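Q: One structure follows; several queries about it will come next.
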Amino acid sequence: MIVAIDGPAASGKGTLGKRLAAHLRLAHLDTGLLYRAVAHRLLAAGGTLDDEAVAAEAARNLDIRTLDPEALRGPGMGEGASVIAALPAVRAALVELQRDFANQPGGAVLDGRDIGTVICPDAHVKVFVTASAEERARRRHGEFLGRGESVTYEEVLADIRARDARDTARATAPLRPAEDACLLDTTELDIEAAFRAALAIVEAAGQRLASRG
Ligand SMILES: Nc1ncnc2c1ncn2[C@@H]1O[C@H](COP(=O)(O)OP(=O)(O)OP(=O)(O)O)[C@@H](O)[C@H]1O
Ligand SMILES: Nc1ccn([C@@H]2O[C@H](COP(=O)(O)O)[C@@H](O)[C@H]2O)c(=O)n1
């Protein structure tokens with residue numbers, strides 16, 4: 001089974017993706033890490049984020065086995081990732097890698113912005129996770145404080161709003177729910193309740209699949 005989870009920054013996609021994958025015994029890919037890794041590589045080499053050919057080359061050379069979530073999840077890298085994610089050549093360079101991951105035997109859970117619309121349009125189940133920008137900022141700010149990062153709630157909210165705007169407005173693979181996605185608003189749900197709601201969506205899709213034979 002292929003499970004596609006999309007949604008805006010800090011909506012809880014990764015948390016749900018990881019838990020669903022563990023529950024269903026499927027592999028999980030947080031595709032945001034791919035874009036973060038490209039931005040990180042360019043900046044670490046002293047480069048800029050606006051050279052599409054150089055960024056696409058960095059994307060082609062990514063090895064998902066070497067992604068380091070701890071290093072890539074700090075404040076700042078999300079913004080850089082969303083800048084290079086708007087470059088069509090970068091997105092094109094990452095399509096095959098993501099589809100290969102999704103099509104592994106048994107299936108997989110992938111979370112990102114365009115999984116249900118572009119990467120896996122035939123996914124067996126698609127969930128579009130949302131929450132208010134203020135609630136997402138509250139959660140992400142708490143996460144950063146827990147990691148010892150020095151950043152204000154206002155800065156986190158501004159980053160989330162800027163990324164939402166860029167990710168939704170870009171011409172290539174903009175953030176939007178697939179037509180056949182189930183919407184899951186977690187603003188009022190804690191992690192456990194959100195997981196149970198997402199699992200119910202996945203199980204209903206599994207039953208539909210089974211009844212079709
Ligand atoms: N329903 C929830 N209630 C409270 N906190 C949550 C909920 N879901 C996720 N969180 C917390 O919110 C933060 C963001 O969640 P997560 O990293 O899963 O979001 P994301 O959508 O994958 O983010 P990104 O877009 O940056 O990859 C984490 O600290 C996570 O523990
Ligand atoms: N499928 C995806 C995944 C991510 N992006 C871009 O990367 C940025 C960082 O992603 P996080 O999920 O780690 O927050 C995000 O803001 C997007 O611009 C993407 O375009 N497609």
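Letters A, B, ... go to the chains of the structure tokens in the order shown; residues in each chain start at 1; ligands are counted from 1 in the same order.
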Determine which residues of region 9-177 of chain A receive a DSSP assignment of strand (DSSP E), computed from the backbone, and state them as a PyMOL selection string.
A: chain A and resi 27-30+108-112+125-130
Q: Using only C-alpha atoms, determine which residues lie at most 10 Å from Ala39 (chain A), disregarding the query and same-chain residues fewer than 5 positions distant; provide the list as a list in words.
A: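 The filter keeps Leu33, Leu34, Ala44, Gly47, Thr48, Leu49, Ala55, Ala58, Ala59, Leu72, Met77, Gly78, Glu79, Gly80, Ala81, Ser82, Val83, Ile84 and Ala85 of chain A.
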Q: Quick one: residues within 12 Å of Gln104 (chain A), only C-alpha atoms, excluding same-chain residues fewer than 5 positions away - as a PyMOL selection string?
A: chain A and resi 1-2+26-29+97-99+109-110
Q: Go ahead and dump the residues you just picked, C-alpha atoms, as a PDB file, in the first residue's frame.
A:
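Printed below is out28.pdb as written:
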```pdb
ATOM      1  CA  MET A   1       0.000   0.000   0.000  1.00  0.00           C
ATOM      2  CA  ILE A   2       1.263   3.490  -0.833  1.00  0.00           C
ATOM      3  CA  LEU A  26       6.010   0.109   5.901  1.00  0.00           C
ATOM      4  CA  ALA A  27       9.053   2.199   5.082  1.00  0.00           C
ATOM      5  CA  HIS A  28       8.683   5.964   5.583  1.00  0.00           C
ATOM      6  CA  LEU A  29      10.247   8.857   3.672  1.00  0.00           C
ATOM      7  CA  LEU A  97      14.166   8.738  -6.255  1.00  0.00           C
ATOM      8  CA  GLN A  98      10.829   9.339  -4.502  1.00  0.00           C
ATOM      9  CA  ARG A  99       8.860   7.097  -6.883  1.00  0.00           C
ATOM     10  CA  VAL A 109       4.460   6.044   3.460  1.00  0.00           C
ATOM     11  CA  LEU A 110       5.748   9.341   2.017  1.00  0.00           C
TER      12      LEU A 110
END
```
Q: Show me a table, sorted first by chain and then by increasing residue number, of the residues of chain A having an atom at most 6 Å from ligand 1, each with its shortest atom pair and the distance in Å to one decimal, counting only C-alpha atoms and all ligand atoms and written as a tab-separated table.
A:
```
residue	atom	partner	partner_atom_place_in_ligand_line	distance
A:Pro8	CA	ligand 1	25 (O)	5.9
A:Ala9	CA	ligand 1	25 (O)	3.3
A:Ala10	CA	ligand 1	23 (O)	3.3
A:Ser11	CA	ligand 1	21 (O)	3.9
A:Gly12	CA	ligand 1	18 (O)	3.3
A:Lys13	CA	ligand 1	21 (O)	3.9
A:Gly14	CA	ligand 1	22 (O)	3.4
A:Thr15	CA	ligand 1	18 (O)	3.6
A:Gly32	CA	ligand 1	27 (O)	5.7
A:Arg139	CA	ligand 1	12 (O)	4.4
A:Arg140	CA	ligand 1	13 (C)	4.8
A:Glu143	CA	ligand 1	29 (O)	4.5
A:Thr186	CA	ligand 1	1 (N)	5.3
A:Leu189	CA	ligand 1	1 (N)	5.0
A:Asp190	CA	ligand 1	3 (N)	3.7
A:Ile191	CA	ligand 1	1 (N)	3.7
A:Ala194	CA	ligand 1	1 (N)	5.2
```
Q: Kindly save the residues from that selection, with N, CA and C atoms included, as a PDB file, in the first residue's frame.
A:
```
ATOM      1  N   PRO A   8       0.865  21.620   4.832  1.00  0.00           N
ATOM      2  CA  PRO A   8       1.785  22.742   5.022  1.00  0.00           C
ATOM      3  C   PRO A   8       2.797  22.485   6.141  1.00  0.00           C
ATOM      4  N   ALA A   9       3.732  23.410   6.285  1.00  0.00           N
ATOM      5  CA  ALA A   9       4.835  23.280   7.249  1.00  0.00           C
ATOM      6  C   ALA A   9       4.313  23.051   8.668  1.00  0.00           C
ATOM      7  N   ALA A  10       4.924  22.080   9.332  1.00  0.00           N
ATOM      8  CA  ALA A  10       4.656  21.786  10.754  1.00  0.00           C
ATOM      9  C   ALA A  10       3.211  21.400  11.041  1.00  0.00           C
ATOM     10  N   SER A  11       2.537  20.846  10.040  1.00  0.00           N
ATOM     11  CA  SER A  11       1.147  20.419  10.263  1.00  0.00           C
ATOM     12  C   SER A  11       1.084  19.077  10.973  1.00  0.00           C
ATOM     13  N   GLY A  12       2.217  18.371  11.040  1.00  0.00           N
ATOM     14  CA  GLY A  12       2.244  17.065  11.705  1.00  0.00           C
ATOM     15  C   GLY A  12       2.365  15.904  10.730  1.00  0.00           C
ATOM     16  N   LYS A  13       2.696  16.202   9.465  1.00  0.00           N
ATOM     17  CA  LYS A  13       2.820  15.146   8.435  1.00  0.00           C
ATOM     18  C   LYS A  13       3.844  14.088   8.821  1.00  0.00           C
ATOM     19  N   GLY A  14       5.012  14.570   9.265  1.00  0.00           N
ATOM     20  CA  GLY A  14       6.105  13.645   9.575  1.00  0.00           C
ATOM     21  C   GLY A  14       5.767  12.766  10.764  1.00  0.00           C
ATOM     22  N   THR A  15       5.150  13.381  11.785  1.00  0.00           N
ATOM     23  CA  THR A  15       4.762  12.626  12.981  1.00  0.00           C
ATOM     24  C   THR A  15       3.767  11.532  12.598  1.00  0.00           C
ATOM     25  N   GLY A  32      10.565  16.198   2.733  1.00  0.00           N
ATOM     26  CA  GLY A  32      11.091  17.535   3.022  1.00  0.00           C
ATOM     27  C   GLY A  32      12.586  17.502   3.281  1.00  0.00           C
ATOM     28  N   ARG A 139       3.468  24.628  17.981  1.00  0.00           N
ATOM     29  CA  ARG A 139       4.090  23.294  18.069  1.00  0.00           C
ATOM     30  C   ARG A 139       5.571  23.347  17.673  1.00  0.00           C
ATOM     31  N   ARG A 140       5.857  24.016  16.558  1.00  0.00           N
ATOM     32  CA  ARG A 140       7.244  24.057  16.060  1.00  0.00           C
ATOM     33  C   ARG A 140       8.135  24.838  17.003  1.00  0.00           C
ATOM     34  N   GLU A 143       9.042  22.711  19.794  1.00  0.00           N
ATOM     35  CA  GLU A 143      10.048  21.722  19.350  1.00  0.00           C
ATOM     36  C   GLU A 143      11.445  22.353  19.346  1.00  0.00           C
ATOM     37  N   THR A 186      -5.895  19.071  12.189  1.00  0.00           N
ATOM     38  CA  THR A 186      -5.464  18.617  13.517  1.00  0.00           C
ATOM     39  C   THR A 186      -5.366  19.759  14.530  1.00  0.00           C
ATOM     40  N   LEU A 189      -6.648  18.604  17.614  1.00  0.00           N
ATOM     41  CA  LEU A 189      -6.338  17.206  17.942  1.00  0.00           C
ATOM     42  C   LEU A 189      -4.923  17.084  18.491  1.00  0.00           C
ATOM     43  N   ASP A 190      -4.765  16.297  19.556  1.00  0.00           N
ATOM     44  CA  ASP A 190      -3.392  16.028  19.991  1.00  0.00           C
ATOM     45  C   ASP A 190      -2.805  14.921  19.100  1.00  0.00           C
ATOM     46  N   ILE A 191      -1.549  14.561  19.342  1.00  0.00           N
ATOM     47  CA  ILE A 191      -0.876  13.623  18.435  1.00  0.00           C
ATOM     48  C   ILE A 191      -1.620  12.287  18.374  1.00  0.00           C
ATOM     49  N   ALA A 194      -4.868  12.660  16.409  1.00  0.00           N
ATOM     50  CA  ALA A 194      -4.579  12.834  14.978  1.00  0.00           C
ATOM     51  C   ALA A 194      -4.177  11.494  14.359  1.00  0.00           C
TER      52      ALA A 194
END
```
Q: Quick one, how far is CA of Ala173 (chain A) from CA of Asp114 (chain A)?
A: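 One can read the CA of Ala173 (chain A) to CA of Asp114 (chain A) distance as 6.0 Å.
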Q: Can you work out which one of A:Pro177, A:Gly148, A:Pro105, A:Gly7 has the shortest atom-to-atom distance to ligand 2, counting only C-alpha atoms and all ligand atoms?
A: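 Going through A:Pro177, A:Gly148, A:Pro105, A:Gly7 one by one, the smallest distance to ligand 2 is for A:Gly7.
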Q: Check the DSSP output for the backbone and give back, as a VMD selection string, the residues of region 14-140 of chain A in alpha helix (DSSP H).
A: chain A and resid 14 to 24 32 to 44 52 to 60 69 to 72 77 to 84 88 to 102 133 to 140
Q: As a ChimeraX atom specification, please: the residues near Arg161 (chain A) (cut-off 10 Å, only C-alpha atoms, same-chain neighbours under 6 positions excluded).
A: /A:8-9,133-134,137,155,167
Q: If we count only C-alpha atoms, what is near Lys126 (chain A) at a cut-off of 7 Å, once residues fewer than 6 positions away on the same chain are taken out, given as JSON, numbers by chain?
A: {"A": [3, 4, 5, 116, 181, 182]}
Q: How many Å lie between CA of Tyr153 (chain A) and atom 14 (O, counted along the ligand's line) of ligand 2, rounded to one decimal?
A: 16.6 Å
Q: Using only C-alpha atoms, which residues sit within 9 Å of Thr117 (chain A) once same-chain residues fewer than 2 positions away are excluded, as a PyMOL selection string?
A: chain A and resi 113-115+119-122+173+175-179
